[in-house]
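I have placed the structure first, in the form of structure tokens, so that the comments after it can refer back to it.
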Amino acid sequence: QLTVVQKQTQYNQQLLDKLNKPHQFWETQPMPNINELDSLKPGPIQEGILAEVRQDPYNLISKFEWCNVDLRNDEQAQQVYTLLKENYVEDDDNMFRFDYSIDFLRWALLPPGQHPDWIVGVKVNQKLVGFITGIPVTLHIENQQTKVKMTEINFLCVHKKIRANRLAPVLIKEITRRVHIKNMWQAVYTAGIVVPTPISQTRYYHRSLNAKKLIEVGFSSLSARQTISRQQKLYKLPEEPKTQGLRPMKKKDVAQVTKLLNEYLKQFKLYFKYTEDEVKHWFIPRKDVISTYVVEKEQGVVTDFLSFYNLPSQVIKNPKHTHLRAAYSYYNVATKTPIVQLMYDALILAKNEGYDVFNALDIMENEKFLKELMFCPGDGQLNYYLYNWKLESNMLKPEEIGIVLV
Ligand SMILES: CNCCCN(C)c1ncc(F)c(N2CC(C(=O)NCc3cnc4ccccn34)C2)n1
């Protein structure tokens with residue numbers, strides 16, 4: 001436990017950090033700052049030179065140690081789960097905190113081609129206090145002929161009790177070093193906060209599935225003229241989906257889903273290229289993690305699919321509920337079925353799987369169904385970032401973004 005003096009020192013340090021160098025760290029990174037946006041030419045900002053990459057890990061303050069977390073090991077996975085459950089992203093009013101499950105983390109962080117040293121932990125006396133992850137992706141950027149092999153960064157987390165030790169910048173520099181060593185020089189990531197320099201600012205929308213619960217946990221509120229039963233009627237959904245031939249995705253669908261997805265994504269300015277192996281990993285249904293449904297009207301022909309992932313939030317202080325069950329729209333490809341109908345079915349399926357709310361960003365074609373299906377804009381903004389890459393256009397519109405990070 002920290003003594004009162006240590007706490008006070010940390011607090012003073014935190015204030016100093018905020019006051020005199022808000023973006024000190026980010027000024028040192030190859031991210032275009034505001035006035036360079038017009039001068040830099042599109043493409044890598046700094047050429048990577050393999051020979052110059054630091055070979056040894058960055059120094060940590062005494063008693064802190066680096067470790068590669070093996071998520072296949074139950075004990076280590078449990079440590080990651082607990083660190084995130086207690087210390088990861090909260091809403092601005094500290095009412096909710098994400099509760100990523102172990103099965104979800106194994107799905108999100110053990111894709112084909114994963115590098116064991118890209119699941120990075122910091123331990124003190126064998127206790128996990130810091131975490132950051134990378135997974136290998138092939139990103140197609142704007143009109144670039146070549147696709148860029150890079151890393152997708154996620155799950156940056158520092159234990160609440162040791163914040164303001166400047167550990168986050170060291171975690172970022174260390175995973176950057178481990179990516180550079182593999183001769184990769186770009187990264188893609190998202191964050192609810194704004195640091196230099198977003199390539200797109202997207203917004204969350206929410207579709208109520210269980211109006212009563214959303215009000216009880218404080219996710220939604222009632223205006224003077226609204227009542228709970230009125231809200232329940234407003235958001236009521238049919239028992240069964242409408243689209244004929246809609247069924248859970250199976251292994252036999254992988255080839256067709258891969259073709260549909262890769263073709264569909266070409267319309268966007270930013271999108272991943274998927275191999276069949278990757279589609280198998282990311283889309284085959286996993287209970288309480290990922291749900292994918294395909295439309296097969298004509299025997300053996302898949303024409304559309306929908307998918308959403310399970311990311312519950314812990315309700316931090318509530319007498320009646322411990323969790324908010326949220327489904328997040330993942331990738332949805334509508335080539336024969338109207339997208340509004342396909343997403344209406346997604347809502348019905350999510351409701352039947354027990355979710356309280358269905359979340360979607362205003363990216364891809366989502367604008368086409370958000371209003372009609374009664375999604376409400378949330379207060380959450382999600383900013384997309386590209387590390388060490390200058391885009392042709394300074395910012396991308398949300399509908400030009402074709403990637404979803406979990
Ligand atoms: C790569 N990683 C990005 C995904 C992490 N994701 C899902 C996320 N990043 C920032 C957000 F703004 C956000 N929002 C969903 C919307 C929402 O539901 N807001 C109320 C709420 C309920 N529970 C929580 C937990 C934390 C924050 C807000 N919460 C806002 N989602």
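Residue numbering restarts at 1 in every chain; chains get A, B, ... in the order shown in the structure tokens, and ligands count up from 1 in that same order.
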Cut-off 6 Å, only C-alpha atoms and all ligand atoms, neighbours of ligand 1 as a list of chain:residue names |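 My answer, listing the contacting residues, is A:Val89, A:Glu90, A:Asp91, A:Phe96, A:Arg97, A:Phe98, A:Asn154, A:Thr190, A:Ala191, A:Gly192, A:Tyr204, A:Ser313, A:Gly380, A:Gln381, A:Leu382, A:Leu405, A:Val406.
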Would you save the residues of that selection, restricted to N, CA, C and O atoms, as a compact mmCIF listing (two decimals), in the first residue's frame?
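Heads up, here's the output in result29.txt:
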# COMPACT_ATOMS: atom_id res chain seq x y z
N VAL A 89 -10.78 1.01 -19.31
CA VAL A 89 -11.53 2.21 -19.68
C VAL A 89 -12.87 2.33 -18.93
O VAL A 89 -13.63 1.36 -18.86
N GLU A 90 -13.11 3.52 -18.40
CA GLU A 90 -14.39 3.85 -17.76
C GLU A 90 -15.05 4.99 -18.53
O GLU A 90 -14.38 5.70 -19.29
N ASP A 91 -16.34 5.18 -18.35
CA ASP A 91 -17.01 6.35 -18.95
C ASP A 91 -16.62 7.58 -18.13
O ASP A 91 -16.07 7.45 -17.05
N PHE A 96 -19.38 3.11 -15.39
CA PHE A 96 -19.20 1.81 -16.07
C PHE A 96 -17.72 1.59 -16.35
O PHE A 96 -16.96 2.54 -16.56
N ARG A 97 -17.32 0.30 -16.34
CA ARG A 97 -15.95 -0.04 -16.74
C ARG A 97 -16.03 -1.33 -17.55
O ARG A 97 -16.78 -2.24 -17.18
N PHE A 98 -15.26 -1.40 -18.66
CA PHE A 98 -15.32 -2.58 -19.51
C PHE A 98 -14.90 -3.82 -18.74
O PHE A 98 -14.03 -3.76 -17.87
N ASN A 154 -3.63 -2.27 -28.77
CA ASN A 154 -4.85 -2.23 -27.98
C ASN A 154 -4.55 -2.51 -26.52
O ASN A 154 -3.42 -2.85 -26.16
N THR A 190 -7.14 2.86 -31.64
CA THR A 190 -8.23 3.80 -31.37
C THR A 190 -8.17 4.18 -29.91
O THR A 190 -7.56 3.49 -29.09
N ALA A 191 -8.83 5.29 -29.59
CA ALA A 191 -8.93 5.71 -28.18
C ALA A 191 -10.11 6.66 -28.02
O ALA A 191 -10.46 7.37 -28.97
N GLY A 192 -10.70 6.63 -26.84
CA GLY A 192 -11.78 7.57 -26.56
C GLY A 192 -11.24 8.98 -26.37
O GLY A 192 -11.95 9.95 -26.55
N TYR A 204 -20.22 6.89 -31.18
CA TYR A 204 -20.98 5.71 -30.84
C TYR A 204 -22.47 6.01 -30.86
O TYR A 204 -22.89 7.10 -30.47
N SER A 313 -20.08 -4.34 -19.63
CA SER A 313 -19.48 -3.35 -18.75
C SER A 313 -19.91 -3.62 -17.33
O SER A 313 -21.08 -3.92 -17.09
N GLY A 380 -19.97 8.89 -26.29
CA GLY A 380 -18.63 8.34 -26.52
C GLY A 380 -18.14 8.61 -27.93
O GLY A 380 -18.83 8.33 -28.90
N GLN A 381 -16.94 9.19 -27.99
CA GLN A 381 -16.33 9.42 -29.30
C GLN A 381 -15.17 8.44 -29.40
O GLN A 381 -14.49 8.18 -28.41
N LEU A 382 -14.98 7.83 -30.57
CA LEU A 382 -13.84 6.93 -30.72
C LEU A 382 -12.96 7.50 -31.83
O LEU A 382 -13.42 7.69 -32.96
N LEU A 405 -12.08 -2.03 -34.33
CA LEU A 405 -11.16 -2.55 -33.31
C LEU A 405 -11.98 -2.89 -32.07
O LEU A 405 -12.87 -2.14 -31.69
N VAL A 406 -11.70 -4.00 -31.44
CA VAL A 406 -12.56 -4.43 -30.30
C VAL A 406 -12.11 -3.82 -28.98
O VAL A 406 -11.07 -3.24 -28.90
If you run DSSP on the backbone here, which positions in region 285-351 of chain A get strand (DSSP E)? Please write them as a compact mmCIF listing (two decimals) with N, CA, C and O atoms, in the first residue's frame.
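The file below, out_10.txt, is the result:
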# COMPACT_ATOMS: atom_id res chain seq x y z
N ILE A 290 -18.29 -13.77 -29.92
CA ILE A 290 -18.61 -13.25 -31.25
C ILE A 290 -19.78 -14.05 -31.82
O ILE A 290 -19.78 -15.28 -31.76
N SER A 291 -20.77 -13.34 -32.36
CA SER A 291 -21.92 -13.97 -33.03
C SER A 291 -21.92 -13.55 -34.48
O SER A 291 -21.82 -12.36 -34.78
N THR A 292 -21.97 -14.54 -35.38
CA THR A 292 -22.01 -14.24 -36.81
C THR A 292 -23.13 -15.06 -37.44
O THR A 292 -23.25 -16.26 -37.17
N TYR A 293 -23.99 -14.38 -38.22
CA TYR A 293 -25.09 -15.06 -38.89
C TYR A 293 -24.99 -14.81 -40.39
O TYR A 293 -24.71 -13.68 -40.81
N VAL A 294 -25.18 -15.84 -41.18
CA VAL A 294 -25.13 -15.69 -42.64
C VAL A 294 -26.53 -15.84 -43.21
O VAL A 294 -27.42 -16.42 -42.57
N VAL A 295 -26.75 -15.28 -44.42
CA VAL A 295 -28.02 -15.46 -45.15
C VAL A 295 -27.75 -16.42 -46.29
O VAL A 295 -26.93 -16.15 -47.16
N ASP A 304 -25.24 -12.64 -47.69
CA ASP A 304 -25.02 -11.56 -46.71
C ASP A 304 -24.55 -12.19 -45.40
O ASP A 304 -24.73 -13.39 -45.19
N PHE A 305 -23.97 -11.34 -44.53
CA PHE A 305 -23.77 -11.80 -43.15
C PHE A 305 -23.74 -10.61 -42.22
O PHE A 305 -23.48 -9.48 -42.66
N LEU A 306 -24.04 -10.89 -40.94
CA LEU A 306 -24.00 -9.87 -39.89
C LEU A 306 -23.18 -10.42 -38.74
O LEU A 306 -23.08 -11.64 -38.57
N SER A 307 -22.55 -9.55 -37.95
CA SER A 307 -21.77 -10.02 -36.79
C SER A 307 -21.73 -8.94 -35.72
O SER A 307 -21.76 -7.74 -36.04
N PHE A 308 -21.71 -9.39 -34.47
CA PHE A 308 -21.57 -8.47 -33.34
C PHE A 308 -20.80 -9.17 -32.23
O PHE A 308 -20.89 -10.40 -32.09
N TYR A 309 -20.03 -8.37 -31.44
CA TYR A 309 -19.25 -8.98 -30.37
C TYR A 309 -19.79 -8.58 -29.01
O TYR A 309 -20.51 -7.60 -28.90
N ASN A 310 -19.44 -9.40 -28.00
CA ASN A 310 -19.96 -9.25 -26.65
C ASN A 310 -18.95 -8.53 -25.78
O ASN A 310 -17.85 -9.04 -25.54
N SER A 313 -20.08 -4.34 -19.63
CA SER A 313 -19.48 -3.35 -18.75
C SER A 313 -19.91 -3.62 -17.33
O SER A 313 -21.08 -3.92 -17.09
N GLN A 314 -18.96 -3.50 -16.44
CA GLN A 314 -19.31 -3.60 -15.02
C GLN A 314 -20.01 -2.30 -14.63
O GLN A 314 -19.55 -1.22 -15.02
N VAL A 315 -21.16 -2.43 -13.95
CA VAL A 315 -21.84 -1.23 -13.43
C VAL A 315 -21.22 -0.99 -12.06
O VAL A 315 -21.34 -1.86 -11.17
N HIS A 323 -23.83 -5.78 -14.09
CA HIS A 323 -23.30 -5.64 -15.45
C HIS A 323 -24.33 -5.07 -16.41
O HIS A 323 -25.52 -5.28 -16.27
N LEU A 324 -23.79 -4.38 -17.42
CA LEU A 324 -24.55 -3.91 -18.58
C LEU A 324 -24.12 -4.83 -19.72
O LEU A 324 -22.90 -4.97 -19.98
N ALA A 326 -23.67 -5.48 -23.38
CA ALA A 326 -23.66 -4.70 -24.62
C ALA A 326 -23.13 -5.54 -25.77
O ALA A 326 -22.11 -6.22 -25.64
N ALA A 327 -23.87 -5.48 -26.89
CA ALA A 327 -23.41 -6.09 -28.14
C ALA A 327 -22.88 -4.96 -29.01
O ALA A 327 -23.49 -3.88 -29.06
N TYR A 328 -21.73 -5.17 -29.63
CA TYR A 328 -21.12 -4.15 -30.48
C TYR A 328 -21.14 -4.64 -31.92
O TYR A 328 -20.66 -5.74 -32.20
N SER A 329 -21.69 -3.80 -32.81
CA SER A 329 -21.69 -4.15 -34.23
C SER A 329 -20.26 -4.38 -34.70
O SER A 329 -19.37 -3.58 -34.42
N VAL A 333 -22.15 -7.35 -43.97
CA VAL A 333 -22.08 -7.25 -45.43
C VAL A 333 -23.44 -7.60 -46.02
O VAL A 333 -23.88 -8.74 -45.90
N ALA A 334 -24.08 -6.59 -46.61
CA ALA A 334 -25.41 -6.80 -47.20
C ALA A 334 -25.29 -6.65 -48.72
O ALA A 334 -25.06 -5.55 -49.22
DSSP-assigned helix (DSSP H, G or I) members of region 276-380 of chain A, reported as an mmCIF file with N, CA, C and O atoms, in the first residue's frame:
data_model
loop_
_atom_site.group_PDB
_atom_site.id
_atom_site.type_symbol
_atom_site.label_atom_id
_atom_site.label_comp_id
_atom_site.auth_asym_id
_atom_site.auth_seq_id
_atom_site.Cartn_x
_atom_site.Cartn_y
_atom_site.Cartn_z
ATOM 1 N N GLU A 276 -8.484 -16.631 -45.402
ATOM 2 C CA GLU A 276 -9.543 -17.517 -44.909
ATOM 3 C C GLU A 276 -9.282 -17.914 -43.457
ATOM 4 O O GLU A 276 -10.191 -18.004 -42.648
ATOM 5 N N ASP A 277 -7.997 -18.096 -43.137
ATOM 6 C CA ASP A 277 -7.629 -18.450 -41.761
ATOM 7 C C ASP A 277 -8.075 -17.358 -40.789
ATOM 8 O O ASP A 277 -8.593 -17.625 -39.698
ATOM 9 N N GLU A 278 -7.874 -16.091 -41.224
ATOM 10 C CA GLU A 278 -8.251 -14.969 -40.359
ATOM 11 C C GLU A 278 -9.765 -14.901 -40.240
ATOM 12 O O GLU A 278 -10.325 -14.652 -39.182
ATOM 13 N N VAL A 279 -10.503 -15.129 -41.335
ATOM 14 C CA VAL A 279 -11.972 -15.092 -41.271
ATOM 15 C C VAL A 279 -12.464 -16.187 -40.326
ATOM 16 O O VAL A 279 -13.365 -15.962 -39.507
ATOM 17 N N LYS A 280 -11.822 -17.343 -40.402
ATOM 18 C CA LYS A 280 -12.201 -18.445 -39.493
ATOM 19 C C LYS A 280 -12.030 -17.970 -38.042
ATOM 20 O O LYS A 280 -12.935 -18.107 -37.215
ATOM 21 N N HIS A 281 -10.894 -17.331 -37.774
ATOM 22 C CA HIS A 281 -10.629 -16.890 -36.395
ATOM 23 C C HIS A 281 -11.609 -15.814 -35.947
ATOM 24 O O HIS A 281 -12.190 -15.877 -34.871
ATOM 25 N N TRP A 282 -11.818 -14.802 -36.778
ATOM 26 C CA TRP A 282 -12.583 -13.619 -36.350
ATOM 27 C C TRP A 282 -14.092 -13.804 -36.421
ATOM 28 O O TRP A 282 -14.822 -13.106 -35.726
ATOM 29 N N PHE A 283 -14.596 -14.769 -37.255
ATOM 30 C CA PHE A 283 -16.046 -14.795 -37.464
ATOM 31 C C PHE A 283 -16.755 -16.081 -37.044
ATOM 32 O O PHE A 283 -17.957 -16.050 -36.806
ATOM 33 N N ILE A 339 -29.655 -3.438 -46.086
ATOM 34 C CA ILE A 339 -28.858 -3.339 -44.850
ATOM 35 C C ILE A 339 -29.748 -3.023 -43.655
ATOM 36 O O ILE A 339 -29.494 -3.537 -42.564
ATOM 37 N N VAL A 340 -30.810 -2.235 -43.856
ATOM 38 C CA VAL A 340 -31.680 -1.909 -42.710
ATOM 39 C C VAL A 340 -32.357 -3.175 -42.185
ATOM 40 O O VAL A 340 -32.430 -3.422 -40.980
ATOM 41 N N GLN A 341 -32.805 -4.021 -43.101
ATOM 42 C CA GLN A 341 -33.462 -5.269 -42.691
ATOM 43 C C GLN A 341 -32.468 -6.196 -42.002
ATOM 44 O O GLN A 341 -32.748 -6.798 -40.975
ATOM 45 N N LEU A 342 -31.248 -6.278 -42.568
ATOM 46 C CA LEU A 342 -30.216 -7.154 -41.988
ATOM 47 C C LEU A 342 -29.901 -6.712 -40.558
ATOM 48 O O LEU A 342 -29.827 -7.543 -39.642
ATOM 49 N N MET A 343 -29.796 -5.385 -40.354
ATOM 50 C CA MET A 343 -29.432 -4.889 -39.015
ATOM 51 C C MET A 343 -30.622 -4.962 -38.057
ATOM 52 O O MET A 343 -30.438 -5.094 -36.860
ATOM 53 N N TYR A 344 -31.820 -4.870 -38.605
ATOM 54 C CA TYR A 344 -33.011 -5.060 -37.755
ATOM 55 C C TYR A 344 -32.982 -6.482 -37.198
ATOM 56 O O TYR A 344 -33.216 -6.716 -36.017
ATOM 57 N N ASP A 345 -32.580 -7.429 -38.058
ATOM 58 C CA ASP A 345 -32.460 -8.821 -37.598
ATOM 59 C C ASP A 345 -31.337 -8.956 -36.572
ATOM 60 O O ASP A 345 -31.449 -9.721 -35.606
ATOM 61 N N ALA A 346 -30.265 -8.160 -36.749
ATOM 62 C CA ALA A 346 -29.158 -8.208 -35.773
ATOM 63 C C ALA A 346 -29.665 -7.786 -34.397
ATOM 64 O O ALA A 346 -29.337 -8.419 -33.385
ATOM 65 N N LEU A 347 -30.528 -6.757 -34.372
ATOM 66 C CA LEU A 347 -31.101 -6.292 -33.104
ATOM 67 C C LEU A 347 -31.943 -7.392 -32.461
ATOM 68 O O LEU A 347 -31.843 -7.660 -31.263
ATOM 69 N N ILE A 348 -32.753 -8.060 -33.267
ATOM 70 C CA ILE A 348 -33.644 -9.119 -32.770
ATOM 71 C C ILE A 348 -32.804 -10.277 -32.221
ATOM 72 O O ILE A 348 -33.034 -10.770 -31.109
ATOM 73 N N LEU A 349 -31.757 -10.649 -32.957
ATOM 74 C CA LEU A 349 -30.884 -11.753 -32.522
ATOM 75 C C LEU A 349 -30.159 -11.384 -31.229
ATOM 76 O O LEU A 349 -30.072 -12.177 -30.300
ATOM 77 N N ALA A 350 -29.698 -10.121 -31.149
ATOM 78 C CA ALA A 350 -28.968 -9.678 -29.947
ATOM 79 C C ALA A 350 -29.912 -9.650 -28.744
ATOM 80 O O ALA A 350 -29.557 -10.098 -27.653
ATOM 81 N N LYS A 351 -31.121 -9.170 -28.975
ATOM 82 C CA LYS A 351 -32.124 -9.145 -27.888
ATOM 83 C C LYS A 351 -32.377 -10.567 -27.399
ATOM 84 O O LYS A 351 -32.386 -10.840 -26.198
ATOM 85 N N ASN A 352 -32.524 -11.497 -28.344
ATOM 86 C CA ASN A 352 -32.789 -12.891 -27.971
ATOM 87 C C ASN A 352 -31.590 -13.555 -27.301
ATOM 88 O O ASN A 352 -31.730 -14.556 -26.598
ATOM 89 N N GLU A 367 -24.446 4.692 -41.055
ATOM 90 C CA GLU A 367 -25.381 5.826 -41.105
ATOM 91 C C GLU A 367 -26.700 5.409 -41.758
ATOM 92 O O GLU A 367 -27.753 5.950 -41.454
ATOM 93 N N LYS A 368 -26.656 4.415 -42.649
ATOM 94 C CA LYS A 368 -27.862 4.060 -43.401
ATOM 95 C C LYS A 368 -28.917 3.400 -42.516
ATOM 96 O O LYS A 368 -30.073 3.314 -42.890
ATOM 97 N N PHE A 369 -28.497 2.868 -41.349
ATOM 98 C CA PHE A 369 -29.526 2.222 -40.530
ATOM 99 C C PHE A 369 -29.684 2.841 -39.145
ATOM 100 O O PHE A 369 -30.656 2.585 -38.451
ATOM 101 N N LEU A 370 -28.714 3.674 -38.728
ATOM 102 C CA LEU A 370 -28.749 4.165 -37.345
ATOM 103 C C LEU A 370 -30.061 4.875 -37.029
ATOM 104 O O LEU A 370 -30.721 4.576 -36.033
#
Spatial neighbours of Lys213 (chain A), max dist 10 Å, only C-alpha atoms, sep filter under 6 positions, as a VMD selection string | chain A and resid 219 to 220 228 320 to 321 324 to 325 356 to 357
Near region 385-400 of chain A, within 6 Å and counting only C-alpha atoms, which residues show up once chain neighbours fewer than 4 positions away are dropped, as a list of chain:residue names?
->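 In the requested form, the answer reads A:Pro30, A:Met31, A:Pro42, A:Gly43, A:Pro44, A:Ile45, A:Gln186, A:Ala187, A:Val188, A:Tyr189, A:Thr190, A:Pro198, A:Ile199, A:Ser200, A:Thr202, A:Phe268, A:Lys269, A:Ile363, A:Met364.
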Write out as a CSV table (one decimal) with C-alpha atoms, in the first residue's frame each polymer residue whose atoms come within 8 Å of region 262-266 of chain A, counting only C-alpha atoms; drop sequence neighbours fewer than 5 positions from it.
chain,number,residue,atom,x,y,z
A,271,TYR,CA,-9.6,-1.7,-44.4
A,272,PHE,CA,-7.9,-5.0,-43.5
A,273,LYS,CA,-7.3,-7.7,-46.0
A,274,TYR,CA,-8.5,-11.1,-44.6
A,333,VAL,CA,-22.1,-7.2,-45.4
A,402,GLY,CA,-13.7,0.1,-42.8
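Excluding region 47-49 of chain A itself and any same-chain residue fewer than 5 positions from it, the protein and nucleic acid residues within 10 Å of it, counting only C-alpha atoms, are His180, Ile181, Asn183, Met184, Trp185, Gln186 and Asn388 of chain A.
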Could you turn the residues from that selection into a file that holds all heavy atoms, as a short mmCIF file (atom, residue, chain, number, x, y, z; two decimals), in the first residue's frame?
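The resulting file, result-v4.cif, is shown below:
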data_model
loop_
_atom_site.label_atom_id
_atom_site.label_comp_id
_atom_site.auth_asym_id
_atom_site.auth_seq_id
_atom_site.Cartn_x
_atom_site.Cartn_y
_atom_site.Cartn_z
N HIS A 180 9.17 -2.69 -34.32
CA HIS A 180 10.27 -2.27 -35.21
C HIS A 180 11.22 -3.42 -35.46
O HIS A 180 11.67 -3.63 -36.59
CB HIS A 180 11.02 -1.08 -34.59
CG HIS A 180 10.28 0.20 -34.68
ND1 HIS A 180 10.63 1.33 -33.94
CD2 HIS A 180 9.19 0.56 -35.41
CE1 HIS A 180 9.80 2.31 -34.25
NE2 HIS A 180 8.92 1.88 -35.13
N ILE A 181 11.50 -4.20 -34.39
CA ILE A 181 12.45 -5.32 -34.52
C ILE A 181 11.97 -6.30 -35.60
O ILE A 181 12.75 -6.98 -36.24
CB ILE A 181 12.60 -6.02 -33.15
CG1 ILE A 181 13.72 -5.35 -32.35
CG2 ILE A 181 12.89 -7.50 -33.29
CD1 ILE A 181 13.98 -6.00 -31.02
N ASN A 183 10.70 -5.38 -38.28
CA ASN A 183 10.75 -4.60 -39.52
C ASN A 183 9.37 -4.09 -39.94
O ASN A 183 9.03 -4.04 -41.13
CB ASN A 183 11.33 -5.45 -40.67
CG ASN A 183 11.92 -4.54 -41.76
OD1 ASN A 183 12.21 -3.36 -41.51
ND2 ASN A 183 12.05 -5.08 -42.95
N MET A 184 8.55 -3.76 -38.92
CA MET A 184 7.26 -3.13 -39.20
C MET A 184 7.29 -1.73 -38.59
O MET A 184 7.82 -1.55 -37.49
CB MET A 184 6.13 -3.96 -38.57
CG MET A 184 5.85 -5.22 -39.37
SD MET A 184 4.36 -5.99 -38.72
CE MET A 184 4.90 -7.69 -38.64
N TRP A 185 6.74 -0.74 -39.31
CA TRP A 185 6.97 0.65 -38.94
C TRP A 185 5.71 1.47 -38.79
O TRP A 185 5.78 2.68 -38.55
CB TRP A 185 7.90 1.28 -39.99
CG TRP A 185 9.15 0.45 -40.16
CD1 TRP A 185 9.36 -0.52 -41.10
CD2 TRP A 185 10.29 0.43 -39.29
NE1 TRP A 185 10.58 -1.14 -40.88
CE2 TRP A 185 11.17 -0.57 -39.79
CE3 TRP A 185 10.66 1.14 -38.16
CZ2 TRP A 185 12.39 -0.86 -39.19
CZ3 TRP A 185 11.88 0.86 -37.56
CH2 TRP A 185 12.74 -0.13 -38.07
N GLN A 186 4.54 0.81 -38.92
CA GLN A 186 3.27 1.51 -38.74
C GLN A 186 2.41 0.79 -37.70
O GLN A 186 2.63 -0.39 -37.42
CB GLN A 186 2.49 1.58 -40.06
CG GLN A 186 2.89 2.74 -40.95
CD GLN A 186 4.24 2.49 -41.65
OE1 GLN A 186 4.54 1.36 -42.02
NE2 GLN A 186 5.06 3.54 -41.78
N ASN A 388 2.98 6.84 -37.65
CA ASN A 388 4.02 6.93 -38.67
C ASN A 388 3.45 6.77 -40.08
O ASN A 388 3.98 6.01 -40.91
CB ASN A 388 5.12 5.88 -38.42
CG ASN A 388 6.34 6.14 -39.30
OD1 ASN A 388 6.56 7.27 -39.75
ND2 ASN A 388 7.10 5.11 -39.57
#
Nearest residue to His115 (chain A) from the set A:Leu128, A:Tyr58, A:Lys336, A:Val179 (distances using only C-alpha atoms) =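 Comparing A:Leu128, A:Tyr58, A:Lys336, A:Val179 against His115 (chain A), the winner is A:Val179.
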Measure the distance from CA of Val257 (chain A) to CA of Gln201 (chain A) in Å and round it to one decimal.
-> 28.7 Å
Hey, what's within 12 Å of Gln232 (chain A) if we count only C-alpha atoms and toss same-chain stuff fewer than 4 positions away? As a PyMOL selection string, please?
-> chain A and resi 208-215+222+226-228+236-237+356
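Considering the residues A:Leu37, A:Leu361, A:Val5, A:Ile193 and counting only C-alpha atoms, Arg207 (chain A) has its shortest atom-to-atom contact with A:Leu361.
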With only C-alpha atoms as the basis for distance, which of A:Val80, A:Tyr205, A:Met249, A:Gln299 is at the shortest distance from Asn366 (chain A)?
->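 Smallest distance to Asn366 (chain A) is found for A:Tyr205.
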Compare A:Val289, A:Ala255, A:His159, A:His206 by their minimum atom-to-atom distance to Lys371 (chain A), counting only C-alpha atoms, and give me the closest one.
->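 So, comparing all the options, the nearest one is A:His206.
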CA of Val122 (chain A) to CA of Phe64 (chain A): how many Å, to one decimal?
->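 We find that CA of Val122 (chain A) and CA of Phe64 (chain A) lie 6.4 Å from each other.
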Pull the closest atom pair for each residue of region 51-123 of chain A that gets at most 9 Å from region 160-164 of chain A, along with the distance in Å to one decimal, counting only C-alpha atoms, ordering rows by chain and then ascending residue number, as a tab-separated table.
residue	atom	partner	partner_atom	distance
A:Glu86	CA	A:Lys160	CA	8.3
A:Asn87	CA	A:Lys160	CA	5.9
A:Tyr88	CA	A:Lys160	CA	8.8
